[in-house]
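Below is one structure, written out as structure tokens; the observations come after it.
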Amino acid sequence: MNGISGERTSVISIRGLVNRFGDQIIHEGLDLDVYSGEILGVVGGSGTGKSVLMRSIIGLQEPDAGTITVFGAPMLHKAEDDPEQLAIRRRWGVLFQGGALFSTLTVSENVQVPLREYYPDLSPELRAEIAGYKILMTGLPANAGPKYPAELSGGMRKRAGLARALALDPDLLFLDEPTAGLDPIGAAAFDEQTRALQQTLGLTIFLITHDLDTLHAICDRVAVLADHRVIAVGTIPELLALDHPWIQEYFNGPRGRIAAAGDAAQKVAS
Amino acid sequence: MTQADADLTERDDAAGRTVALSGSLSLAHLGTLPQRLDEVSGPVAAIDLSAIDHIDTIGAWVVHRFVEAHGARVTGANADARRLISVVGGHDEPTEEARPPLPPVLRVLDQVGTAVHLTLTTLVGLIGFLGATVVTIGHLIRHPHRMRWNAVVQRLEVVGVSALGIIGLMSFLIGIVIAQQGSVQLQQFGMEVLTVNLVGRLTFRELGVLMTAIMVAGRSGSAFAAQIGTMMLNEEVDAMRTIGVRPMEALVMPRIIASVVMMPLLGFYASIVAIIGGGFLCAVSLDIPPVTFIQRLREVVPITDLYVGLVKAPVFGLIIAVAGCFQGLQVRGNAEEVGLRTTAAVVQAIFLVIVLDAFFAVFFTWVGWI
């Protein structure tokens, strides 16, 4: 670990995580901390277990060993209806890669699902209004509410997924490749939106991405997954100082250099 | 993390009425506050947020809508609250939540029209699909190398061999039931020996093939629709088309061939097992020994009964496969559609099988195979 500012409170803390599928080792002794109020980017080659890591944290995948604490509460080996677990689940939102909207519900109904589930006493009007402003906050047009997911473009589906993830005003947000499959303009807009939401709502974001522009634009720190564990965590300049072939290849490859140049140009301009 | 639930107090002073909120204005602690705020009536000059200890966007929204409704000022808000209220206020424009419903009369008309349209288009589509199947068969006869034998063999196994267990068990039990129910009735006339006629003729002519068809429709027809439907959702079928693989050849024909080939075999197998079931019951409860049972069977069941069953079986197989593949290829949009289409495939297949069975019964009587 890179040991930056240990005094910050960690929202997610993972120690000695082990995940195996049969003979195939995904994680072996993985450690990671996500601090309050930061956007942590998680990168790694295909098959290094980025999604498995996220699924382990949010409880969709039972790891073989290790501990995971979220908001200070241990997450593993707990019954699904444990009240403490439910209270913590309520404090995070997840955006899956394809949006994972319920295809038989409209966008507005999708956003209302978590509200309905956790707060059945909320009046239907208020619930609809909440869904309405959440939809607008994620940058969807006002007429998107009654549309079904199949009627939306890929980018709109992600925004609708984000609106659903934000439905309960979470403190922690998991984003799985939010800009994959978006055009560069849409991806940049999504990045900006994520940053703006993070700042206004004081979110902590766990962001899995392959998008170098996203990493440069919005991530406070980047964690690199390789060799079954997190080999380094830090800001991009800190990572560049490390002498690991994959990291050098990743950030200093042709695409990495272009993204870095764009980032530098933006900083000069602003 | 102990936060007080949100609460409100009203007070009147020189400036007018002030509503003061306290506690945590967050989703988990709102409780009945929104309703209570709705009940506040009369002009309200200000809403005082100085006593709140936490606020989220939902709390901010509740404050915002109150401010909009009463034209009140917000006082005592900290930086957090001011920021959130301005953020949610900035996203306050009328959004559509649901499409406006039609008036009742129009709604009934709309539903009837939709149902009629759907039935007719399905019928036309099914006939068209049958035509496309025939064309594809013609094409494959002219270009036999395009036939996908591997896929055919794989389907033969899934449709036929894997079904042997369940169809055998079902047929055995049906044989027992027919023999048992028949013998109870025939005993009243002292004619329980006629149970053999009943079991033999009924299973070969009707039940063996019909029950098999229903089982195959439920097992394989539904699987065809679900498999092809899921491939439609994943754009796999579109990908096939762009590569130059015809879905009719790659997906539909192997399933149709497997179904047509396997139905007579399964039907025959089912009939035999049902006979064994009937013979078993005769031996156990009617004291008709197996040798007598078989001898009697050979006397009373004409060979045409077997033909009746075997002629019907491939036609039923065709219907089941065509309905399954057709419905699978109609899937558009979402996962629910896969379920609906799978159900439709099974219902249509069984319905058409029974309708055709009735026609066959009349036809075979007419040609003298009675």
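Ligands are numbered from 1 in the order shown, residues from 1 within each chain, and chains are lettered A, B, ... in the order they appear in the structure tokens.
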- Which neighbours of A:Leu172 fall inside 7 Å, counting only C-alpha atoms, when residues of the same chain fewer than 2 positions from it are skipped, and could you give them as a list in words?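 Selected residues are Arg91, Trp92, Gly93, Pro170, Phe174, Leu203, Thr204 and Ile205 of chain A.
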- Query: If we count only C-alpha atoms, what is near A:Pro149 at a cut-off of 9 Å, once residues fewer than 6 positions away on the same chain are taken out, given as a PyMOL selection string?
  - Reply: (chain A and resi 101-107+156-157+160) or (chain B and resi 333-334)
- Task: Enumerate as an MDAnalysis selection string the residues belonging to chain B that approach chain A to within 9 Å, with only C-alpha atoms taken into account.
- Result: chainID B and resid 26:28 31:32 34:35 56:58 61:62 80 83:84 87:99 333:336
- If you run DSSP on the backbone, which residues of stretch 15-75 of chain A are strand (DSSP E or B), as an MDAnalysis selection string? chainID A and resid 15:21 24:35 39:44 65:70 73:74
Tell me which protein, DNA and RNA residues are within 9 Å of B:Leu198, counting only C-alpha atoms, leaving out same-chain ones fewer than 5 positions away, and put them as an mmCIF file with C-alpha atoms, in the first residue's frame.
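Final file, out00.cif:
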```cif
data_model
loop_
_atom_site.group_PDB
_atom_site.id
_atom_site.type_symbol
_atom_site.label_atom_id
_atom_site.label_comp_id
_atom_site.auth_asym_id
_atom_site.auth_seq_id
_atom_site.Cartn_x
_atom_site.Cartn_y
_atom_site.Cartn_z
ATOM 1 C CA ILE B 178 -55.980 -46.200 -18.057
ATOM 2 C CA ALA B 179 -55.921 -49.873 -17.127
ATOM 3 C CA GLY B 182 -60.962 -48.945 -17.380
ATOM 4 C CA THR B 203 -52.260 -45.742 -26.318
#
```
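Our summary of the geometry notes that atom CA of B:Tyr269 is positioned 29.2 Å from atom CA of B:Gln187.
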- Item | For B:Arg219: contacts at 12 Å, only C-alpha atoms, fewer than 6 positions along chain excluded, given as a PyMOL selection string | chain B and resi 158-160+162-164+166-167+212-213+225-226+259+320-321+324+342-343+345-346+349-350
Excluding B:Val152 and its own-chain neighbours fewer than 2 positions away, which residues fall within 12 Å of it when counting only C-alpha atoms? Please give them as a short mmCIF file (atom, residue, chain, number, x, y, z; two decimals) with C-alpha atoms, in the first residue's frame.
```
data_model
loop_
_atom_site.label_atom_id
_atom_site.label_comp_id
_atom_site.auth_asym_id
_atom_site.auth_seq_id
_atom_site.Cartn_x
_atom_site.Cartn_y
_atom_site.Cartn_z
CA MET B 147 -26.94 -28.55 -43.62
CA ARG B 148 -25.60 -28.30 -40.07
CA TRP B 149 -25.46 -31.93 -39.06
CA ASN B 150 -23.61 -31.29 -35.82
CA GLN B 154 -26.99 -32.14 -30.72
CA ARG B 155 -30.69 -31.22 -30.89
CA LEU B 156 -31.62 -34.88 -31.43
CA GLU B 157 -29.96 -35.67 -28.16
CA VAL B 158 -31.56 -32.79 -26.26
CA VAL B 159 -35.04 -33.29 -27.69
CA GLY B 160 -35.05 -37.08 -27.79
CA GLU B 249 -30.55 -22.72 -41.40
CA ALA B 250 -28.46 -22.50 -38.29
CA LEU B 251 -31.11 -22.18 -35.59
CA VAL B 252 -34.48 -23.20 -36.95
CA MET B 253 -33.81 -26.18 -39.22
CA PRO B 254 -31.82 -28.29 -36.72
CA ARG B 255 -34.60 -27.85 -34.19
CA ILE B 256 -37.33 -28.67 -36.68
CA ILE B 257 -35.50 -31.74 -37.97
CA ALA B 258 -34.77 -32.96 -34.45
CA SER B 259 -38.37 -32.50 -33.43
CA VAL B 260 -39.79 -34.16 -36.55
CA VAL B 261 -37.42 -37.11 -36.29
CA MET B 262 -37.73 -37.60 -32.58
#
```
- Query: What is the atom CA of B:Leu25-atom CA of B:Arg65 distance in Å, reported with one decimal?
  - Reply: 13.9 Å
- Would you mind reading off the distance between atom CA of B:Ala15 and atom CA of B:Ala46, one decimal, in Å?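 These atoms are spaced 8.6 Å apart.
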- Item | Near-A:Leu240 list (12 Å; only C-alpha atoms; drop same-chain fewer than 2 positions) as a ChimeraX atom specification | /A:222,224,232-238,242-253,256-257,260
Next, the residues of the selection above should be written as a tab-separated table (two decimals), in the first residue's frame with N, CA and C atoms.
```
chain	number	residue	atom	x	y	z
A	222	VAL	N	-5.91	6.22	-7.57
A	222	VAL	CA	-6.12	5.09	-8.47
A	222	VAL	C	-5.51	3.85	-7.82
A	224	VAL	N	-4.34	-0.04	-8.54
A	224	VAL	CA	-4.00	-0.91	-9.67
A	224	VAL	C	-4.06	-2.36	-9.24
A	232	ALA	N	-0.59	-1.25	-6.23
A	232	ALA	CA	-0.26	0.12	-5.86
A	232	ALA	C	-1.52	0.96	-5.78
A	233	VAL	N	-1.53	1.92	-4.86
A	233	VAL	CA	-2.63	2.89	-4.79
A	233	VAL	C	-2.00	4.26	-4.68
A	234	GLY	N	-2.54	5.23	-5.36
A	234	GLY	CA	-2.02	6.59	-5.22
A	234	GLY	C	-2.55	7.48	-6.32
A	235	THR	N	-2.11	8.72	-6.32
A	235	THR	CA	-2.48	9.62	-7.41
A	235	THR	C	-1.70	9.18	-8.64
A	236	ILE	N	-2.11	9.67	-9.80
A	236	ILE	CA	-1.47	9.21	-11.03
A	236	ILE	C	0.03	9.56	-11.04
A	237	PRO	N	0.41	10.79	-10.66
A	237	PRO	CA	1.86	11.07	-10.61
A	237	PRO	C	2.61	10.09	-9.69
A	238	GLU	N	1.99	9.75	-8.56
A	238	GLU	CA	2.64	8.79	-7.64
A	238	GLU	C	2.81	7.43	-8.31
A	242	LEU	N	6.35	4.81	-9.94
A	242	LEU	CA	6.67	3.42	-9.62
A	242	LEU	C	7.20	2.71	-10.86
A	243	ASP	N	8.02	1.70	-10.59
A	243	ASP	CA	8.65	1.02	-11.70
A	243	ASP	C	8.03	-0.36	-11.90
A	244	HIS	N	6.75	-0.35	-12.22
A	244	HIS	CA	6.09	-1.63	-12.50
A	244	HIS	C	5.73	-1.67	-13.98
A	245	PRO	N	6.10	-2.76	-14.66
A	245	PRO	CA	5.91	-2.76	-16.12
A	245	PRO	C	4.46	-2.50	-16.55
A	246	TRP	N	3.49	-3.12	-15.82
A	246	TRP	CA	2.10	-2.95	-16.26
A	246	TRP	C	1.65	-1.49	-16.10
A	247	ILE	N	2.03	-0.89	-14.96
A	247	ILE	CA	1.63	0.50	-14.71
A	247	ILE	C	2.25	1.43	-15.75
A	248	GLN	N	3.54	1.20	-16.04
A	248	GLN	CA	4.21	2.04	-17.03
A	248	GLN	C	3.54	1.88	-18.39
A	249	GLU	N	3.25	0.62	-18.75
A	249	GLU	CA	2.60	0.33	-20.03
A	249	GLU	C	1.23	1.00	-20.10
A	250	TYR	N	0.53	0.93	-18.97
A	250	TYR	CA	-0.85	1.43	-18.94
A	250	TYR	C	-0.90	2.94	-19.08
A	251	PHE	N	-0.10	3.64	-18.25
A	251	PHE	CA	-0.20	5.10	-18.25
A	251	PHE	C	0.69	5.75	-19.31
A	252	ASN	N	1.76	5.04	-19.72
A	252	ASN	CA	2.66	5.64	-20.69
A	252	ASN	C	2.52	5.05	-22.08
A	253	GLY	N	1.53	4.17	-22.29
A	253	GLY	CA	1.24	3.69	-23.63
A	253	GLY	C	0.70	4.85	-24.44
A	256	GLY	N	-2.40	6.36	-22.99
A	256	GLY	CA	-2.15	7.00	-21.70
A	256	GLY	C	-1.55	8.38	-21.90
A	257	ARG	N	-0.61	8.47	-22.85
A	257	ARG	CA	0.05	9.76	-23.06
A	257	ARG	C	-0.93	10.80	-23.57
A	260	ALA	N	-3.06	11.96	-20.74
A	260	ALA	CA	-2.30	12.81	-19.83
A	260	ALA	C	-2.14	14.20	-20.44
```
